[in-house]
Every structure is written in C-alpha cells, then in structure tokens.
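*Asks:* Below is the file structure-v1.csv, which contains CSV, C-alpha atoms.
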chain,number,residue,atom,x,y,z
O,30,MET,CA,71.6,28.5,110.3
O,31,CYS,CA,71.1,32.2,110.3
O,32,GLU,CA,71.5,33.8,113.8
O,33,ILE,CA,71.2,37.5,112.8
O,34,LYS,CA,69.3,38.8,109.9
O,35,ILE,CA,69.6,42.6,109.3
O,36,GLU,CA,66.9,43.9,107.0
O,37,LYS,CA,67.4,47.3,105.3
O,38,ILE,CA,68.2,49.2,108.5
O,39,ASN,CA,68.5,53.0,108.3
O,40,LYS,CA,69.5,55.3,111.2
O,41,PHE,CA,69.3,59.1,111.3
O,42,TYR,CA,70.7,61.3,113.9
O,43,GLY,CA,69.0,64.6,113.0
O,44,LYS,CA,70.1,65.1,109.4
O,45,LEU,CA,73.0,62.7,109.7
O,46,HIS,CA,72.3,59.5,107.8
O,47,ALA,CA,74.4,57.1,109.9
O,48,LEU,CA,73.2,53.8,108.4
O,49,LYS,CA,71.9,53.4,104.9
O,50,ASP,CA,69.9,50.4,104.0
O,51,VAL,CA,72.2,48.0,105.8
O,52,SER,CA,71.4,44.3,105.2
O,53,LEU,CA,73.4,41.4,106.5
O,54,GLU,CA,73.1,37.7,107.5
O,55,ILE,CA,75.3,36.2,110.2
O,56,GLU,CA,75.5,32.5,110.7
O,57,GLN,CA,75.0,30.9,114.1
O,58,ASN,CA,78.2,30.3,116.1
O,59,SER,CA,80.3,32.0,113.5
O,60,LEU,CA,82.8,34.8,114.1
O,61,PHE,CA,81.8,37.8,112.0
O,62,GLY,CA,83.9,40.9,111.6
O,63,LEU,CA,82.7,44.4,111.1
O,64,LEU,CA,85.4,46.5,109.5
O,65,GLY,CA,85.6,50.1,108.5
O,66,VAL,CA,87.3,53.4,109.3
O,67,ASN,CA,86.0,55.7,112.0
O,68,GLY,CA,82.5,56.9,111.1
O,69,ALA,CA,81.6,53.9,109.0
O,70,GLY,CA,78.6,53.0,111.1
O,71,LYS,CA,79.9,50.0,113.0
O,72,THR,CA,79.2,51.3,116.5
O,73,THR,CA,75.7,52.5,115.5
O,74,LEU,CA,74.9,49.1,114.1
O,75,ILE,CA,76.1,47.3,117.2
O,76,LYS,CA,73.9,49.7,119.4
O,77,ILE,CA,70.9,48.7,117.3
O,78,LEU,CA,71.7,44.9,117.5
O,79,THR,CA,72.1,45.2,121.2
O,80,CYS,CA,68.9,47.3,121.5
O,81,LEU,CA,70.7,50.3,123.0
O,82,SER,CA,69.4,52.3,120.0
O,83,ALA,CA,66.4,51.8,117.8
O,84,PRO,CA,66.6,51.9,114.0
O,85,THR,CA,64.8,54.7,112.2
O,86,SER,CA,63.6,52.2,109.7
O,87,GLY,CA,64.2,48.5,109.0
O,88,ASN,CA,64.6,45.7,111.4
O,89,ALA,CA,67.0,43.0,112.6
O,90,ILE,CA,66.1,39.5,113.8
O,91,VAL,CA,68.5,38.3,116.5
O,92,HIS,CA,68.2,34.7,117.5
O,93,GLY,CA,64.6,34.8,116.3
O,94,LEU,CA,63.7,38.0,118.1
O,95,SER,CA,63.0,41.4,116.6
O,96,VAL,CA,65.1,44.3,117.8
O,97,THR,CA,62.1,46.6,117.3
O,98,ASN,CA,59.4,44.4,119.0
O,99,ASP,CA,61.4,42.2,121.4
O,100,ALA,CA,64.1,44.5,122.7
O,101,ASP,CA,64.0,43.3,126.3
O,102,LYS,CA,64.3,39.7,125.2
O,103,VAL,CA,67.1,40.5,122.9
O,104,LYS,CA,69.0,42.1,125.7
O,105,GLU,CA,68.8,38.9,127.7
O,106,ILE,CA,70.7,36.9,125.1
O,107,VAL,CA,73.4,39.3,124.0
O,108,ASP,CA,76.5,40.7,125.8
O,109,VAL,CA,79.2,43.2,125.0
O,110,SER,CA,82.8,43.4,125.8
O,111,PRO,CA,83.4,47.1,125.2
O,112,GLN,CA,86.5,48.9,124.0
O,113,GLU,CA,86.8,50.4,127.5
O,114,THR,CA,87.7,47.5,129.7
O,115,ALA,CA,84.6,46.7,131.8
O,116,VAL,CA,86.1,45.6,135.1
O,117,ALA,CA,85.8,47.1,138.6
O,118,PRO,CA,89.3,48.2,139.4
O,119,ASN,CA,89.2,47.8,143.2
O,120,LEU,CA,87.7,44.3,143.0
O,121,THR,CA,89.8,41.2,142.5
O,122,VAL,CA,89.3,39.2,139.3
O,123,ARG,CA,87.2,36.6,141.3
O,124,GLU,CA,85.1,39.3,142.9
O,125,ASN,CA,84.5,40.8,139.4
O,126,LEU,CA,83.2,37.5,138.1
O,127,ASP,CA,81.1,36.9,141.2
O,128,PHE,CA,79.6,40.4,141.0
O,129,PHE,CA,78.5,40.0,137.4
O,130,ALA,CA,77.3,36.5,138.1
O,131,ALA,CA,75.1,37.9,140.9
O,132,LEU,CA,73.9,40.7,138.6
O,133,TYR,CA,72.9,38.2,135.9
O,134,ARG,CA,71.5,35.8,138.5
O,135,VAL,CA,73.9,33.1,137.4
O,136,ASP,CA,74.1,30.7,140.3
O,137,ASP,CA,76.3,28.0,138.7
O,138,GLU,CA,79.7,27.6,140.2
O,139,GLU,CA,80.6,24.9,137.8
O,140,TYR,CA,80.0,27.3,134.9
O,141,ILE,CA,82.0,30.1,136.5
O,142,SER,CA,84.8,27.7,137.1
O,143,SER,CA,84.7,26.6,133.4
O,144,ILE,CA,85.1,30.3,132.4
O,145,ILE,CA,88.1,30.7,134.8
O,146,ASN,CA,89.7,27.7,133.2
O,147,ALA,CA,88.9,28.7,129.6
O,148,PHE,CA,90.5,32.1,130.1
O,149,SER,CA,93.3,30.8,132.3
O,150,LEU,CA,92.5,33.3,135.1
O,151,ASP,CA,93.7,31.1,138.0
O,152,GLU,CA,97.0,32.9,138.3
O,153,VAL,CA,95.4,36.3,138.7
O,154,LEU,CA,92.2,35.3,140.4
O,155,ASN,CA,93.0,37.1,143.7
O,156,GLN,CA,94.6,40.2,142.2
O,157,LYS,CA,92.8,43.5,142.1
O,158,ALA,CA,91.8,44.4,138.6
O,159,LYS,CA,93.7,47.7,138.7
O,160,THR,CA,97.0,45.8,139.1
O,161,LEU,CA,96.5,43.7,136.0
O,162,SER,CA,98.3,44.3,132.7
O,163,GLY,CA,96.3,45.4,129.7
O,164,GLY,CA,96.2,41.9,128.3
O,165,TRP,CA,94.8,40.4,131.6
O,166,LYS,CA,92.3,43.2,131.9
O,167,ARG,CA,91.0,42.5,128.4
O,168,ARG,CA,90.9,38.8,129.1
O,169,THR,CA,88.9,39.4,132.3
O,170,SER,CA,86.6,41.8,130.5
O,171,ILE,CA,85.7,39.2,127.8
O,172,ALA,CA,85.3,36.5,130.5
O,173,ILE,CA,82.8,38.8,132.2
O,174,GLY,CA,81.0,39.1,128.9
O,175,MET,CA,80.5,35.3,129.0
O,176,ILE,CA,79.1,35.2,132.5
O,177,SER,CA,75.5,35.8,131.3
O,178,LYS,CA,75.7,32.8,129.0
O,179,PRO,CA,75.0,34.9,125.9
O,180,LYS,CA,73.9,33.5,122.6
O,181,ILE,CA,75.7,36.4,120.9
O,182,LEU,CA,78.9,38.2,122.1
O,183,PHE,CA,80.0,41.5,120.7
O,184,LEU,CA,83.8,42.2,121.0
O,185,ASP,CA,84.6,45.9,120.4
O,186,GLU,CA,88.3,46.3,119.5
O,187,PRO,CA,89.3,43.5,121.9
O,188,THR,CA,93.0,43.8,121.4
O,189,LEU,CA,93.3,47.6,121.1
O,190,GLY,CA,96.5,48.8,122.7
O,191,LEU,CA,97.9,45.4,123.5
O,192,ASP,CA,101.4,44.3,122.7
O,193,VAL,CA,102.0,41.6,120.1
O,194,LEU,CA,102.3,38.7,122.6
O,195,ALA,CA,99.2,39.7,124.6
O,196,ARG,CA,97.3,40.1,121.3
O,197,ARG,CA,98.2,36.7,120.2
O,198,GLU,CA,97.3,35.2,123.5
O,199,LEU,CA,93.9,36.8,123.3
O,200,TRP,CA,93.5,35.5,119.7
O,201,LYS,CA,93.9,31.9,121.1
O,202,ILE,CA,91.1,32.5,123.6
O,203,ILE,CA,88.8,34.0,121.0
O,204,ARG,CA,89.4,31.1,118.7
O,205,GLU,CA,88.5,28.7,121.5
O,206,LEU,CA,85.1,30.5,121.8
O,207,LYS,CA,84.3,30.0,118.1
O,208,GLY,CA,81.6,27.4,117.7
O,209,LYS,CA,80.3,28.0,121.2
O,210,VAL,CA,78.8,31.4,120.8
O,211,THR,CA,78.1,33.8,117.9
O,212,ILE,CA,80.8,36.5,118.0
O,213,ILE,CA,80.6,39.9,116.3
O,214,LEU,CA,84.1,41.5,116.2
O,215,THR,CA,85.1,45.0,115.4
O,216,THR,CA,88.7,45.7,114.9
O,217,HIS,CA,91.1,48.1,113.1
O,218,TYR,CA,93.8,45.4,112.9
O,219,LEU,CA,93.2,43.8,109.5
O,220,GLU,CA,95.5,40.9,110.3
O,221,GLU,CA,93.3,40.2,113.3
O,222,ALA,CA,90.2,40.1,111.1
O,223,GLU,CA,91.9,37.9,108.5
O,224,ALA,CA,93.2,35.5,111.2
O,225,LEU,CA,90.0,35.1,113.2
O,226,CYS,CA,86.9,35.9,111.2
O,227,ASP,CA,84.8,33.4,109.2
O,228,LYS,CA,83.3,36.3,107.3
O,229,VAL,CA,83.6,40.1,107.4
O,230,ALA,CA,81.6,43.1,106.2
O,231,ILE,CA,83.4,46.2,105.1
O,232,MET,CA,81.5,49.4,105.8
O,233,ALA,CA,82.0,53.0,104.8
O,234,LYS,CA,79.8,56.1,105.2
O,235,GLY,CA,76.9,54.0,106.7
O,236,LYS,CA,76.8,51.4,103.9
O,237,VAL,CA,77.9,47.8,103.6
O,238,LEU,CA,80.2,47.8,100.6
O,239,ALA,CA,81.2,44.1,100.5
O,240,THR,CA,80.7,40.9,102.5
O,241,GLY,CA,82.6,37.6,102.4
O,242,THR,CA,85.5,35.6,103.7
O,243,PRO,CA,88.9,37.4,103.7
O,244,GLU,CA,89.9,35.2,100.7
O,245,GLU,CA,86.7,36.1,98.8
O,246,LEU,CA,87.3,39.8,99.4
O,247,LYS,CA,90.9,39.5,98.2
O,248,LEU,CA,89.6,37.8,95.0
O,249,LEU,CA,87.0,40.5,94.6
O,250,ALA,CA,89.6,43.2,94.9
O,251,GLY,CA,92.1,41.4,92.7
O,252,THR,CA,94.9,41.4,95.3
O,253,GLY,CA,96.7,38.9,97.4
O,254,ASN,CA,96.9,41.2,100.4
O,255,PHE,CA,93.9,41.7,102.7
O,256,GLU,CA,94.9,45.2,103.7
O,257,ASP,CA,95.1,46.2,100.0
O,258,ALA,CA,91.7,44.6,99.4
O,259,PHE,CA,90.2,46.5,102.3
O,260,ILE,CA,91.5,49.9,101.1
O,261,LYS,CA,90.3,49.3,97.5
O,262,ILE,CA,86.8,48.3,98.8
O,263,ALA,CA,86.5,51.0,101.5
O,264,GLU,CA,87.6,53.7,99.1
O,265,GLY,CA,85.0,52.6,96.5
O,266,GLU,CA,87.5,51.6,93.9
O,267,LEU,CA,85.5,48.6,92.8
Written as structure tokens, that's how I'd like the structure from this file.
*Replies:*
Amino acid sequence: MCEIKIEKINKFYGKLHALKDVSLEIEQNSLFGLLGVNGAGKTTLIKILTCLSAPTSGNAIVHGLSVTNDADKVKEIVDVSPQETAVAPNLTVRENLDFFAALYRVDDEEYISSIINAFSLDEVLNQKAKTLSGGWKRRTSIAIGMISKPKILFLDEPTLGLDVLARRELWKIIRELKGKVTIILTTHYLEEAEALCDKVAIMAKGKVLATGTPEELKLLAGTGNFEDAFIKIAEGEL
C-alpha cells in the first residue's frame, strides 16, 4: 500500500531550482532511503513532506493527505528526528520523554513505557541528557520522535558522528521499528542505507536519478558494490 505519493514536485528559491519534477512512491511501513551528496535536494524534499515548506508546483499525498491542502493534518501524523539531536540538555531522559508527551498530549503511560523498553533507555532514564554519550543522545532523540505516535518518521542522518559500535546498536533499534511505522532515512553512510533500507532513491541536483532496492541499483549500474553503483548513478554515468 502506498503511504507517500510525490507528484512532479518543483521547488524554487528565487532563481535556484532546488527540486525538479520529483516523483516517488513510498510503501506503507517500509524503510526508504534518500541518498545524495550535499545540495541534492533531500532536505528540501523532507521540508515539503513535513509541511515546513510548500512546493512551488506539484503535490505530495502523505497518508491520504495533501501537503498543499491539508498541511495541518499532515503535521499531526509525521515526526522528525533531526540531525541536530533534539533533546533538552538539562532535563533527564525521563523528563525529556514526559515533556514531549505533554506537548503532544499523549497521556498513555503504557505507551511511554513501551518506548523506554524498545530503546533500552532504563539504564540512563535518570541521567541528564547533557551527560549522555552521542549514541545515547541519538537513541533518546529518536525515542522522542516516536512519542507522538507518528505514521511517518523522518530520520535525518541518525548515526552521524557515532562510533562503529554505537552506530550498529542504533541500526538494531531502527530495524525493530521497521513494519511499525513508515521511515524515511537520509544518510551519507552507504553501508547504512544498504543494510537498513527496503528501497532508496538517489538524488542529484534536485532530480531523482534512480529508485530501487540496493540490489536493483547495483544491477542497474553493473557493479557488485553499492558505493560504486551510487557514484556511477549520482555522477550521471548511466
């Protein structure tokens, strides 16, 4: 079942054509990766899908709602775990969760407890966020993103700057979320996209150049290595 249908979206910032006839379909409860070098248009597309910015032309249907006509309703069913860790540093992990639960009017202690368990936050629950390691901060940030019970969760560079072990721990948690919520992932770690994503779209200069599973894109590029396939597609060699 299609959860997000993007229909020929264009976005101009003055004379800059940031998105050029972008069309995509993303399946419900899948994990979809947006890949591309800086300036490819990934952030602009996410801003449009989360109704933080309006398209210049075109539309996207998100869980049956139009980003151009139903922006307020779309905002109620999406959440974002941004690249900059979204935690209040002087609050404990538990206080952060409670704060966002109150903000979203989520009065469901059983649900909050299920998030604490899913993200294994018990051991740091009473620590102030500013004392956490980078891995625990990212884990807490994504847990906060789940507090609002979103239909669609955007993860922007979730493992940026983490060491190998912390990254792999976070991979486990993201895998456990698969099938429960539609996840849109942006990352510069190609091994991460290959390991986690059901499908990916490779973008460059505001255009979607190719879409498919990592295996399909390797076949398209005629290479057994996903990084080589990405480079060939992103540089327009196909």
*Asks:* Within 12 Å of Phe128 of chain O, counting all atoms listed in the file, which residues qualify if same-chain residues fewer than 6 places away don't, as a list in words?
*Replies:* Val116, Ala117, Leu120, Thr121, Val122, Arg134, Val135, Asp136, Ile141, Ile173, Ile176 and Ser177 of chain O
*Asks:* So which residues touch Asn119 of chain O within 12 Å, counting all atoms listed in the file, skipping near sequence neighbours fewer than 2 positions away, as a ChimeraX atom specification?
*Replies:* /O:116-117,121-125,155-161
*Asks:* Name all residues at most 12 Å from Leu206 of chain O (count all atoms listed in the file; drop same-chain ones fewer than 3 positions away) and give them as a list in words.
*Replies:*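 What passes the distance filter is Asn58, Ser59, Leu60, Ile144, Ala147, Phe148, Ile171, Ala172, Gly174, Met175, Pro179, Lys180, Ile181, Leu182, Leu184, Leu199, Trp200, Lys201, Ile202, Ile203, Lys209, Val210, Thr211, Ile212, Ile213 and Leu225 of chain O.
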*Asks:* Give me the residues within 8 Å of Ile33 of chain O as a ChimeraX atom specification, counting only C-alpha atoms and dropping any in the same chain fewer than 5 places off.
*Replies:* /O:53-57,89-93
*Asks:* Save the residues we just selected, C-alpha atoms, as an mmCIF file, in the frame of the given file?
*Replies:*
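The resulting file, part.cif, is reproduced below:
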data_model
loop_
_atom_site.group_PDB
_atom_site.id
_atom_site.type_symbol
_atom_site.label_atom_id
_atom_site.label_comp_id
_atom_site.auth_asym_id
_atom_site.auth_seq_id
_atom_site.Cartn_x
_atom_site.Cartn_y
_atom_site.Cartn_z
ATOM 1 C CA LEU O 53 73.400 41.400 106.500
ATOM 2 C CA GLU O 54 73.100 37.700 107.500
ATOM 3 C CA ILE O 55 75.300 36.200 110.200
ATOM 4 C CA GLU O 56 75.500 32.500 110.700
ATOM 5 C CA GLN O 57 75.000 30.900 114.100
ATOM 6 C CA ALA O 89 67.000 43.000 112.600
ATOM 7 C CA ILE O 90 66.100 39.500 113.800
ATOM 8 C CA VAL O 91 68.500 38.300 116.500
ATOM 9 C CA HIS O 92 68.200 34.700 117.500
ATOM 10 C CA GLY O 93 64.600 34.800 116.300
#
*Asks:* What is the atom CA of Met232 of chain O to atom CA of Arg196 of chain O distance in Å?
*Replies:*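 So the two atoms, atom CA of Met232 of chain O and atom CA of Arg196 of chain O, lie 24.0 Å apart.
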*Asks:* Taking all atoms listed in the file into account, name the residue in O:Ile35, O:Leu45, O:Val153, O:Ile262 that is nearest to Lys166 of chain O.
*Replies:*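 Using all atoms listed in the file, Lys166 of chain O sits closest to O:Val153.
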*Asks:* In the coordinate frame of the file, compute which residues have an atom within 12 Å of (94.7, 45.5, 122.3) when using only C-alpha atoms, and state them as a tab-separated table (two decimals) with C-alpha atoms, in the frame of the given file.
*Replies:*
chain	number	residue	atom	x	y	z
O	111	PRO	CA	83.40	47.10	125.20
O	112	GLN	CA	86.50	48.90	124.00
O	113	GLU	CA	86.80	50.40	127.50
O	114	THR	CA	87.70	47.50	129.70
O	162	SER	CA	98.30	44.30	132.70
O	163	GLY	CA	96.30	45.40	129.70
O	164	GLY	CA	96.20	41.90	128.30
O	165	TRP	CA	94.80	40.40	131.60
O	166	LYS	CA	92.30	43.20	131.90
O	167	ARG	CA	91.00	42.50	128.40
O	168	ARG	CA	90.90	38.80	129.10
O	184	LEU	CA	83.80	42.20	121.00
O	185	ASP	CA	84.60	45.90	120.40
O	186	GLU	CA	88.30	46.30	119.50
O	187	PRO	CA	89.30	43.50	121.90
O	188	THR	CA	93.00	43.80	121.40
O	189	LEU	CA	93.30	47.60	121.10
O	190	GLY	CA	96.50	48.80	122.70
O	191	LEU	CA	97.90	45.40	123.50
O	192	ASP	CA	101.40	44.30	122.70
O	193	VAL	CA	102.00	41.60	120.10
O	194	LEU	CA	102.30	38.70	122.60
O	195	ALA	CA	99.20	39.70	124.60
O	196	ARG	CA	97.30	40.10	121.30
O	197	ARG	CA	98.20	36.70	120.20
O	198	GLU	CA	97.30	35.20	123.50
O	199	LEU	CA	93.90	36.80	123.30
O	200	TRP	CA	93.50	35.50	119.70
O	215	THR	CA	85.10	45.00	115.40
O	216	THR	CA	88.70	45.70	114.90
O	217	HIS	CA	91.10	48.10	113.10
O	218	TYR	CA	93.80	45.40	112.90
O	221	GLU	CA	93.30	40.20	113.30
*Asks:* Could you list, as a list in words, every residue within 8 Å of segment 233-241 of chain O, counting only C-alpha atoms and ignoring same-chain residues fewer than 5 positions away?
*Replies:*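 Returned residues: His46, Ala47, Leu48, Lys49, Asp50, Val51, Ser52, Gly65, Val66, Gly68, Ala69, Gly70, Lys228, Leu246, Ile262, Ala263 and Gly265 of chain O.
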*Asks:* When you draw a straight line from atom CA of Asp151 of chain O to atom CA of Ala130 of chain O, how long is it in Å?
*Replies:*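 We find that atom CA of Asp151 of chain O and atom CA of Ala130 of chain O lie 17.3 Å from each other.
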*Asks:* Which residue is closest to Thr169 of chain O? Choose from O:Glu152, O:Asp101, O:Glu223, O:Glu32 and count all atoms listed in the file.
*Replies:*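 Selected residue with least distance to Thr169 of chain O: O:Glu152.
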